[in-house]
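Colleague: One file is attached below, run24.txt, containing compact mmCIF, N, CA and C atoms.
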```
# COMPACT_ATOMS: atom_id res chain seq x y z
N LYS A 1 0.85 -1.19 0.00
CA LYS A 1 0.00 0.00 0.00
C LYS A 1 0.88 1.23 0.00
N ASP A 2 0.46 2.22 -0.76
CA ASP A 2 1.22 3.46 -0.76
C ASP A 2 0.72 4.37 0.37
N LYS A 3 1.27 5.57 0.45
CA LYS A 3 0.90 6.47 1.55
C LYS A 3 -0.57 6.87 1.53
N ASN A 4 -1.25 6.69 0.38
CA ASN A 4 -2.69 6.97 0.27
C ASN A 4 -3.53 5.71 0.44
N ASP A 5 -2.92 4.63 0.91
CA ASP A 5 -3.54 3.32 1.12
C ASP A 5 -4.01 2.65 -0.17
N LYS A 6 -3.45 3.07 -1.30
CA LYS A 6 -3.76 2.40 -2.56
C LYS A 6 -2.93 1.12 -2.63
N LEU A 7 -3.57 0.01 -2.93
CA LEU A 7 -2.90 -1.29 -3.00
C LEU A 7 -2.28 -1.46 -4.37
N TRP A 8 -0.98 -1.72 -4.40
CA TRP A 8 -0.24 -1.96 -5.65
C TRP A 8 0.13 -3.43 -5.74
N PRO A 9 0.22 -3.96 -6.96
CA PRO A 9 0.49 -5.40 -7.13
C PRO A 9 1.98 -5.76 -7.13
N GLY A 10 2.75 -5.24 -6.19
CA GLY A 10 4.16 -5.60 -6.09
C GLY A 10 4.93 -5.29 -7.36
N TRP A 11 5.79 -6.22 -7.76
CA TRP A 11 6.58 -6.02 -8.98
C TRP A 11 5.70 -5.80 -10.20
N TYR A 12 4.48 -6.29 -10.18
CA TYR A 12 3.61 -6.16 -11.35
C TYR A 12 3.15 -4.72 -11.59
N LYS A 13 3.42 -3.84 -10.65
CA LYS A 13 3.18 -2.41 -10.89
C LYS A 13 4.12 -1.90 -11.99
N TYR A 14 5.27 -2.54 -12.12
CA TYR A 14 6.32 -2.08 -13.00
C TYR A 14 6.42 -2.89 -14.30
N THR A 15 6.22 -4.18 -14.21
CA THR A 15 6.37 -5.06 -15.38
C THR A 15 5.67 -6.39 -15.12
N ASN A 16 5.26 -7.06 -16.18
CA ASN A 16 4.60 -8.37 -16.05
C ASN A 16 5.56 -9.53 -16.19
N SER A 17 6.82 -9.24 -16.48
CA SER A 17 7.77 -10.31 -16.75
C SER A 17 9.07 -10.06 -16.01
N PHE A 18 9.44 -10.97 -15.13
CA PHE A 18 10.70 -10.87 -14.43
C PHE A 18 11.11 -12.25 -13.94
N ILE A 19 12.34 -12.36 -13.52
CA ILE A 19 12.82 -13.64 -13.00
C ILE A 19 13.35 -13.43 -11.58
N ASN A 20 13.31 -14.50 -10.82
CA ASN A 20 13.81 -14.52 -9.46
C ASN A 20 15.07 -15.38 -9.41
N VAL A 21 16.04 -14.93 -8.64
CA VAL A 21 17.29 -15.66 -8.46
C VAL A 21 17.50 -15.83 -6.97
N LEU A 22 17.64 -17.06 -6.52
CA LEU A 22 17.88 -17.35 -5.11
C LEU A 22 19.24 -18.04 -5.00
N ILE A 23 20.10 -17.52 -4.14
CA ILE A 23 21.43 -18.09 -3.91
C ILE A 23 21.50 -18.51 -2.44
N ALA A 24 21.89 -19.75 -2.22
CA ALA A 24 21.96 -20.29 -0.85
C ALA A 24 23.25 -19.83 -0.16
N ILE A 25 23.10 -19.19 0.98
CA ILE A 25 24.23 -18.82 1.84
C ILE A 25 24.50 -19.95 2.84
N ASP A 26 23.43 -20.65 3.20
CA ASP A 26 23.51 -21.83 4.07
C ASP A 26 22.87 -23.00 3.32
N ASN A 27 23.14 -24.21 3.78
CA ASN A 27 22.43 -25.35 3.21
C ASN A 27 20.93 -25.18 3.47
N CYS A 28 20.14 -25.45 2.48
CA CYS A 28 18.68 -25.36 2.60
C CYS A 28 18.12 -26.77 2.52
N ARG A 29 17.56 -27.22 3.61
CA ARG A 29 17.04 -28.58 3.74
C ARG A 29 15.58 -28.51 4.18
N GLU A 30 14.90 -29.63 4.11
CA GLU A 30 13.49 -29.66 4.50
C GLU A 30 13.30 -29.18 5.93
N GLU A 31 14.20 -29.59 6.83
CA GLU A 31 14.03 -29.24 8.24
C GLU A 31 14.25 -27.76 8.54
N ASN A 32 14.94 -27.03 7.66
CA ASN A 32 15.11 -25.60 7.92
C ASN A 32 14.35 -24.74 6.91
N GLY A 33 13.40 -25.34 6.22
CA GLY A 33 12.50 -24.57 5.37
C GLY A 33 13.02 -24.31 3.96
N ALA A 34 13.40 -25.37 3.27
CA ALA A 34 13.91 -25.23 1.90
C ALA A 34 12.84 -24.62 0.98
N LEU A 35 13.30 -24.05 -0.12
CA LEU A 35 12.41 -23.50 -1.14
C LEU A 35 11.52 -24.61 -1.70
N GLU A 36 10.25 -24.30 -1.86
CA GLU A 36 9.31 -25.20 -2.53
C GLU A 36 8.81 -24.45 -3.76
N LEU A 37 8.89 -25.10 -4.92
CA LEU A 37 8.63 -24.43 -6.19
C LEU A 37 7.63 -25.25 -7.00
N ALA A 38 6.63 -24.56 -7.56
CA ALA A 38 5.62 -25.21 -8.41
C ALA A 38 5.83 -24.75 -9.85
N SER A 39 5.21 -25.45 -10.77
CA SER A 39 5.27 -25.07 -12.18
C SER A 39 4.63 -23.70 -12.38
N ALA A 40 5.04 -23.05 -13.46
CA ALA A 40 4.55 -21.71 -13.76
C ALA A 40 3.04 -21.69 -13.96
N HIS A 41 2.42 -20.63 -13.47
CA HIS A 41 0.99 -20.38 -13.65
C HIS A 41 0.72 -20.19 -15.14
N LYS A 42 -0.30 -20.84 -15.67
CA LYS A 42 -0.57 -20.79 -17.11
C LYS A 42 -1.59 -19.73 -17.50
N GLY A 43 -2.33 -19.20 -16.55
CA GLY A 43 -3.38 -18.24 -16.87
C GLY A 43 -2.87 -16.81 -16.98
N SER A 44 -3.78 -15.89 -17.11
CA SER A 44 -3.44 -14.48 -17.22
C SER A 44 -2.97 -13.94 -15.88
N PHE A 45 -2.33 -12.78 -15.92
CA PHE A 45 -1.89 -12.13 -14.69
C PHE A 45 -3.09 -11.79 -13.82
N LYS A 46 -4.17 -11.34 -14.43
CA LYS A 46 -5.38 -11.00 -13.67
C LYS A 46 -5.88 -12.22 -12.90
N LYS A 47 -5.86 -13.38 -13.54
CA LYS A 47 -6.30 -14.61 -12.86
C LYS A 47 -5.34 -14.96 -11.73
N LEU A 48 -4.05 -14.76 -11.98
CA LEU A 48 -3.07 -15.03 -10.94
C LEU A 48 -3.34 -14.17 -9.71
N LEU A 49 -3.58 -12.88 -9.91
CA LEU A 49 -3.89 -12.00 -8.79
C LEU A 49 -5.19 -12.39 -8.10
N ASN A 50 -6.17 -12.85 -8.87
CA ASN A 50 -7.44 -13.28 -8.27
C ASN A 50 -7.29 -14.54 -7.43
N ASN A 51 -6.17 -15.26 -7.63
CA ASN A 51 -5.91 -16.47 -6.85
C ASN A 51 -5.15 -16.18 -5.55
N THR A 52 -4.91 -14.90 -5.26
CA THR A 52 -4.22 -14.55 -4.02
C THR A 52 -5.22 -14.11 -2.96
N LYS A 53 -4.72 -13.98 -1.73
CA LYS A 53 -5.58 -13.57 -0.61
C LYS A 53 -5.97 -12.10 -0.67
N LYS A 54 -5.34 -11.34 -1.58
CA LYS A 54 -5.63 -9.90 -1.76
C LYS A 54 -5.46 -9.13 -0.45
N ASN A 55 -4.41 -9.50 0.28
CA ASN A 55 -4.13 -8.83 1.55
C ASN A 55 -2.81 -8.06 1.52
N GLY A 56 -2.34 -7.77 0.30
CA GLY A 56 -1.07 -7.05 0.17
C GLY A 56 0.14 -7.96 0.08
N THR A 57 -0.07 -9.27 0.20
CA THR A 57 1.01 -10.24 0.05
C THR A 57 0.73 -11.06 -1.21
N PRO A 58 1.72 -11.82 -1.67
CA PRO A 58 1.48 -12.71 -2.81
C PRO A 58 0.90 -14.07 -2.40
N ASP A 59 0.42 -14.19 -1.17
CA ASP A 59 -0.08 -15.47 -0.66
C ASP A 59 -1.26 -15.97 -1.48
N LEU A 60 -1.13 -17.21 -1.95
CA LEU A 60 -2.22 -17.83 -2.70
C LEU A 60 -3.36 -18.25 -1.78
N LEU A 61 -4.55 -18.30 -2.34
CA LEU A 61 -5.69 -18.84 -1.61
C LEU A 61 -5.40 -20.30 -1.26
N LYS A 62 -5.84 -20.73 -0.11
CA LYS A 62 -5.57 -22.09 0.34
C LYS A 62 -6.09 -23.12 -0.67
N THR A 63 -7.25 -22.87 -1.26
CA THR A 63 -7.83 -23.81 -2.22
C THR A 63 -6.97 -23.94 -3.47
N ILE A 64 -6.27 -22.89 -3.85
CA ILE A 64 -5.37 -22.93 -5.00
C ILE A 64 -4.06 -23.59 -4.59
N ASP A 65 -3.49 -23.13 -3.49
CA ASP A 65 -2.19 -23.59 -3.02
C ASP A 65 -2.16 -25.11 -2.79
N GLN A 66 -3.20 -25.64 -2.19
CA GLN A 66 -3.21 -27.07 -1.85
C GLN A 66 -3.31 -27.97 -3.08
N ASN A 67 -3.68 -27.39 -4.23
CA ASN A 67 -3.78 -28.18 -5.45
C ASN A 67 -2.54 -28.09 -6.34
N LEU A 68 -1.53 -27.35 -5.89
CA LEU A 68 -0.30 -27.24 -6.66
C LEU A 68 0.66 -28.35 -6.26
N ASN A 69 1.47 -28.77 -7.22
CA ASN A 69 2.46 -29.81 -6.98
C ASN A 69 3.82 -29.13 -6.76
N TYR A 70 4.13 -28.83 -5.52
CA TYR A 70 5.39 -28.18 -5.19
C TYR A 70 6.51 -29.22 -5.12
N LYS A 71 7.68 -28.84 -5.62
CA LYS A 71 8.88 -29.66 -5.48
C LYS A 71 9.79 -28.95 -4.49
N THR A 72 10.30 -29.69 -3.53
CA THR A 72 11.25 -29.13 -2.57
C THR A 72 12.62 -29.08 -3.23
N ILE A 73 13.23 -27.92 -3.19
CA ILE A 73 14.53 -27.70 -3.80
C ILE A 73 15.59 -27.66 -2.69
N LEU A 74 16.37 -28.72 -2.58
CA LEU A 74 17.42 -28.79 -1.58
C LEU A 74 18.66 -28.11 -2.16
N LEU A 75 19.25 -27.21 -1.38
CA LEU A 75 20.39 -26.45 -1.87
C LEU A 75 21.57 -26.57 -0.92
N ASP A 76 22.75 -26.64 -1.50
CA ASP A 76 23.99 -26.56 -0.74
C ASP A 76 24.49 -25.13 -0.81
N ILE A 77 25.38 -24.77 0.09
CA ILE A 77 25.94 -23.42 0.10
C ILE A 77 26.46 -23.09 -1.30
N GLY A 78 26.03 -21.93 -1.82
CA GLY A 78 26.49 -21.47 -3.13
C GLY A 78 25.61 -21.89 -4.29
N ASP A 79 24.69 -22.84 -4.07
CA ASP A 79 23.78 -23.25 -5.14
C ASP A 79 22.85 -22.09 -5.49
N MET A 80 22.40 -22.09 -6.73
CA MET A 80 21.54 -21.01 -7.22
C MET A 80 20.34 -21.62 -7.94
N VAL A 81 19.18 -20.99 -7.76
CA VAL A 81 17.95 -21.38 -8.45
C VAL A 81 17.43 -20.15 -9.17
N ILE A 82 17.08 -20.31 -10.43
CA ILE A 82 16.51 -19.22 -11.22
C ILE A 82 15.13 -19.68 -11.67
N PHE A 83 14.11 -18.84 -11.41
CA PHE A 83 12.76 -19.25 -11.79
C PHE A 83 11.91 -18.05 -12.18
N SER A 84 10.89 -18.32 -12.94
CA SER A 84 9.98 -17.30 -13.46
C SER A 84 9.12 -16.70 -12.36
N ASN A 85 8.73 -15.45 -12.58
CA ASN A 85 7.80 -14.79 -11.66
C ASN A 85 6.45 -15.49 -11.61
N LEU A 86 6.16 -16.33 -12.57
CA LEU A 86 4.86 -17.02 -12.61
C LEU A 86 4.89 -18.35 -11.86
N CYS A 87 6.02 -18.72 -11.28
CA CYS A 87 6.12 -19.98 -10.53
C CYS A 87 5.77 -19.72 -9.06
N PRO A 88 4.67 -20.28 -8.59
CA PRO A 88 4.38 -20.16 -7.16
C PRO A 88 5.52 -20.78 -6.35
N HIS A 89 5.89 -20.13 -5.27
CA HIS A 89 6.97 -20.63 -4.44
C HIS A 89 6.72 -20.25 -2.98
N LYS A 90 7.29 -21.04 -2.11
CA LYS A 90 7.10 -20.83 -0.68
C LYS A 90 8.18 -21.59 0.07
N SER A 91 8.21 -21.44 1.36
CA SER A 91 9.04 -22.27 2.22
C SER A 91 8.36 -22.35 3.57
N LYS A 92 8.58 -23.47 4.23
CA LYS A 92 8.02 -23.63 5.57
C LYS A 92 8.90 -22.88 6.57
N LYS A 93 8.37 -22.63 7.72
CA LYS A 93 9.11 -21.96 8.78
C LYS A 93 10.32 -22.81 9.17
N ASN A 94 11.41 -22.14 9.43
CA ASN A 94 12.63 -22.82 9.88
C ASN A 94 12.47 -23.14 11.36
N LYS A 95 12.28 -24.42 11.66
CA LYS A 95 12.12 -24.85 13.05
C LYS A 95 13.37 -25.55 13.56
N SER A 96 14.43 -25.55 12.75
CA SER A 96 15.68 -26.19 13.15
C SER A 96 16.57 -25.18 13.88
N LYS A 97 17.73 -25.64 14.28
CA LYS A 97 18.71 -24.76 14.90
C LYS A 97 19.72 -24.25 13.86
N SER A 98 19.49 -24.60 12.58
CA SER A 98 20.39 -24.19 11.50
C SER A 98 19.83 -22.98 10.77
N ASN A 99 20.72 -22.09 10.39
CA ASN A 99 20.30 -20.95 9.57
C ASN A 99 19.86 -21.42 8.20
N ARG A 100 19.05 -20.60 7.55
CA ARG A 100 18.67 -20.83 6.16
C ARG A 100 18.71 -19.47 5.46
N ARG A 101 19.90 -18.92 5.39
CA ARG A 101 20.05 -17.62 4.78
C ARG A 101 20.16 -17.78 3.26
N THR A 102 19.53 -16.86 2.56
CA THR A 102 19.61 -16.84 1.10
C THR A 102 19.73 -15.39 0.63
N ILE A 103 20.23 -15.25 -0.56
CA ILE A 103 20.19 -13.96 -1.25
C ILE A 103 19.12 -14.12 -2.32
N TYR A 104 18.21 -13.17 -2.38
CA TYR A 104 17.07 -13.27 -3.29
C TYR A 104 17.02 -12.02 -4.16
N TYR A 105 17.22 -12.20 -5.45
CA TYR A 105 17.18 -11.09 -6.40
C TYR A 105 15.99 -11.23 -7.31
N THR A 106 15.48 -10.12 -7.79
CA THR A 106 14.44 -10.09 -8.81
C THR A 106 14.94 -9.21 -9.94
N TYR A 107 14.88 -9.74 -11.15
CA TYR A 107 15.35 -9.01 -12.33
C TYR A 107 14.21 -8.82 -13.32
N SER A 108 14.11 -7.61 -13.86
CA SER A 108 13.17 -7.36 -14.95
C SER A 108 13.94 -7.44 -16.26
N ILE A 109 13.20 -7.56 -17.34
CA ILE A 109 13.82 -7.64 -18.66
C ILE A 109 14.22 -6.23 -19.08
N LYS A 110 15.48 -6.08 -19.44
CA LYS A 110 16.06 -4.76 -19.71
C LYS A 110 15.27 -3.95 -20.73
N LYS A 111 14.78 -4.59 -21.77
CA LYS A 111 14.09 -3.83 -22.83
C LYS A 111 12.81 -3.17 -22.32
N TYR A 112 12.28 -3.63 -21.17
CA TYR A 112 11.08 -3.01 -20.59
C TYR A 112 11.42 -1.91 -19.58
N GLY A 113 12.71 -1.72 -19.31
CA GLY A 113 13.13 -0.65 -18.42
C GLY A 113 13.70 -1.18 -17.11
N SER A 114 14.34 -0.28 -16.38
CA SER A 114 14.90 -0.60 -15.06
C SER A 114 14.01 0.01 -14.00
N PHE A 115 13.60 -0.80 -13.04
CA PHE A 115 12.65 -0.35 -12.02
C PHE A 115 13.22 -0.46 -10.60
N TYR A 116 14.49 -0.77 -10.51
CA TYR A 116 15.12 -1.03 -9.22
C TYR A 116 14.92 0.12 -8.23
N ASN A 117 15.36 1.30 -8.60
CA ASN A 117 15.27 2.44 -7.68
C ASN A 117 13.82 2.79 -7.37
N LYS A 118 12.96 2.79 -8.37
CA LYS A 118 11.54 3.11 -8.17
C LYS A 118 10.90 2.09 -7.23
N TYR A 119 11.17 0.80 -7.45
CA TYR A 119 10.61 -0.26 -6.60
C TYR A 119 10.99 -0.06 -5.13
N PHE A 120 12.29 0.14 -4.87
CA PHE A 120 12.72 0.26 -3.48
C PHE A 120 12.29 1.58 -2.86
N ASN A 121 12.17 2.62 -3.63
CA ASN A 121 11.63 3.87 -3.11
C ASN A 121 10.16 3.67 -2.73
N ASP A 122 9.39 3.03 -3.60
CA ASP A 122 7.99 2.76 -3.30
C ASP A 122 7.86 1.85 -2.08
N LYS A 123 8.70 0.83 -2.00
CA LYS A 123 8.66 -0.11 -0.87
C LYS A 123 8.98 0.62 0.44
N GLN A 124 9.97 1.50 0.39
CA GLN A 124 10.35 2.27 1.57
C GLN A 124 9.18 3.12 2.08
N ASN A 125 8.37 3.63 1.15
CA ASN A 125 7.25 4.49 1.52
C ASN A 125 5.94 3.73 1.67
N SER A 126 6.01 2.41 1.61
CA SER A 126 4.82 1.58 1.73
C SER A 126 4.27 1.60 3.15
N THR A 127 2.96 1.51 3.26
CA THR A 127 2.33 1.39 4.58
C THR A 127 1.82 -0.02 4.81
N ASN A 128 2.18 -0.94 3.93
CA ASN A 128 1.69 -2.30 4.00
C ASN A 128 2.46 -3.10 5.05
N ILE A 129 2.03 -3.02 6.28
CA ILE A 129 2.74 -3.70 7.35
C ILE A 129 2.52 -5.21 7.32
N SER A 130 1.57 -5.69 6.49
CA SER A 130 1.36 -7.14 6.41
C SER A 130 2.27 -7.79 5.38
N SER A 131 3.07 -7.00 4.68
CA SER A 131 4.00 -7.57 3.69
C SER A 131 5.02 -8.43 4.40
N LYS A 132 5.25 -9.65 3.91
CA LYS A 132 6.23 -10.54 4.53
C LYS A 132 7.59 -9.88 4.59
N SER A 133 7.97 -9.20 3.52
CA SER A 133 9.31 -8.62 3.49
C SER A 133 9.43 -7.42 4.42
N LEU A 134 8.32 -6.83 4.81
CA LEU A 134 8.35 -5.70 5.73
C LEU A 134 8.11 -6.13 7.17
N SER A 135 7.36 -7.21 7.37
CA SER A 135 6.97 -7.59 8.72
C SER A 135 7.76 -8.79 9.26
N GLY A 136 8.40 -9.56 8.36
CA GLY A 136 9.08 -10.76 8.78
C GLY A 136 8.15 -11.92 9.01
N GLU A 137 6.89 -11.80 8.57
CA GLU A 137 5.91 -12.87 8.73
C GLU A 137 6.33 -14.09 7.91
N ILE A 138 6.10 -15.25 8.43
CA ILE A 138 6.39 -16.50 7.72
C ILE A 138 5.09 -17.11 7.27
```
Transcribe the structure of this file into structure tokens.
Modeller:
Amino acid sequence: KDKNDKLWPGWYKYTNSFINVLIAIDNCREENGALELASAHKGSFKKLLNNTKKNGTPDLLKTIDQNLNYKTILLDIGDMVIFSNLCPHKSKKNKSKSNRRTIYYTYSIKKYGSFYNKYFNDKQNSTNISSKSLSGEI
């Protein structure tokens, strides 16, 4: 949400096509909440948004999420995963005594423009306290 409480669709405010890059700083295992990745969403972006909880997060509706076939991606230190913005992904809470640190980048396609500074400026001014990246919610 912006300062006027207008809800924006995250990265989709800037572009409909981007990729995510996750780099493991620690080993990522099932017990410490490894990445779970599903196949790319085949429908329109509007349908994808309609499948979320519409609470300012990208959280899918439970009825949608439970019907996806997630694959657990086990990573060793330094491993990298690259996936489309249309691939639903999640991880369970880390209940182990081991860290599960990762570096997570999002890249847009250069020909559509660079949105890095605009995105982080907007995020800094966001009032969306329910955002996982702002609240630390798991």
Colleague: Using only N, CA and C atoms for the distances, tell me which of A:Leu86, A:Ile103, A:Ile73, A:Lys92 is nearest to Asp26 in chain A.
Modeller: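 Among the listed residues, A:Ile103 lies closest to Asp26 in chain A.
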Colleague: Which one is closest to Ser17 in chain A: A:Ile109, A:Ser126, A:Ser114, A:Asn32? Count all atoms listed in the file.
Modeller: A:Ile109
Colleague: Record the distance separating CA of Pro88 in chain A and CA of Leu48 in chain A, expressed in Å with one decimal.
Modeller: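 One can read the CA of Pro88 in chain A to CA of Leu48 in chain A distance as 9.8 Å.
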Colleague: So the first atom is CA of Tyr112 in chain A and the second is CA of Thr15 in chain A; what is the distance between them in Å, to one decimal place?
Modeller: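 A separation of 7.3 Å between them.
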Colleague: Ser91 in chain A: which residues within 6 Å, counting only C-alpha atoms, same-chain residues fewer than 3 positions away excluded, as a PDB file with N, CA and C atoms, keeping the file's coordinate frame?
Modeller:
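To be explicit, this is the file written out as out_18.pdb:
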```
ATOM      1  N   GLY A  33      13.400 -25.340   6.220  1.00  0.00           N
ATOM      2  CA  GLY A  33      12.500 -24.570   5.370  1.00  0.00           C
ATOM      3  C   GLY A  33      13.020 -24.310   3.960  1.00  0.00           C
ATOM      4  N   ALA A  34      13.400 -25.370   3.270  1.00  0.00           N
ATOM      5  CA  ALA A  34      13.910 -25.230   1.900  1.00  0.00           C
ATOM      6  C   ALA A  34      12.840 -24.620   0.980  1.00  0.00           C
ATOM      7  N   LEU A  35      13.300 -24.050  -0.120  1.00  0.00           N
ATOM      8  CA  LEU A  35      12.410 -23.500  -1.140  1.00  0.00           C
ATOM      9  C   LEU A  35      11.520 -24.610  -1.700  1.00  0.00           C
ATOM     10  N   GLU A  36      10.250 -24.300  -1.860  1.00  0.00           N
ATOM     11  CA  GLU A  36       9.310 -25.200  -2.530  1.00  0.00           C
ATOM     12  C   GLU A  36       8.810 -24.450  -3.760  1.00  0.00           C
TER      13      GLU A  36
END
```
Colleague: Work out how far apart CA of Phe18 in chain A and atom N of Lys123 in chain A are and give it in Å to one decimal.
Modeller: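 Interatomic distance, CA of Phe18 in chain A to atom N of Lys123 in chain A: 17.2 Å.
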Colleague: What's around Ile19 in chain A at 9 Å? Count only C-alpha atoms, leave out sequence neighbours fewer than 4 positions away in its own chain, and write the answer as JSON, numbers by chain.
Modeller: {"A": [82, 83, 84, 85, 86, 105, 106, 107, 108, 109]}
Colleague: Using only N, CA and C atoms, which residue out of A:Lys3, A:Lys93, A:Tyr116, A:Cys87 lies closest to His41 in chain A?
Modeller: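 Closest to His41 in chain A, using only N, CA and C atoms: A:Cys87.
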Colleague: Applying 8 Å and only N, CA and C atoms, which residues near Lys62 in chain A remain after dropping the ones on its own chain fewer than 6 positions away? List them as a count of residues only.
Modeller: 3
Colleague: So, counting all atoms listed in the file, which residue among A:Tyr70, A:Leu7, A:Gly113, A:Glu31 is closest to Lys97 in chain A?
Modeller: A:Glu31
Colleague: Return the single residue from A:Lys95, A:Tyr14, A:Ile64, A:Lys90 that is closest to Phe115 in chain A, with distances computed using only C-alpha atoms.
Modeller: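 Going through A:Lys95, A:Tyr14, A:Ile64, A:Lys90 one by one, the smallest distance to Phe115 in chain A is for A:Tyr14.
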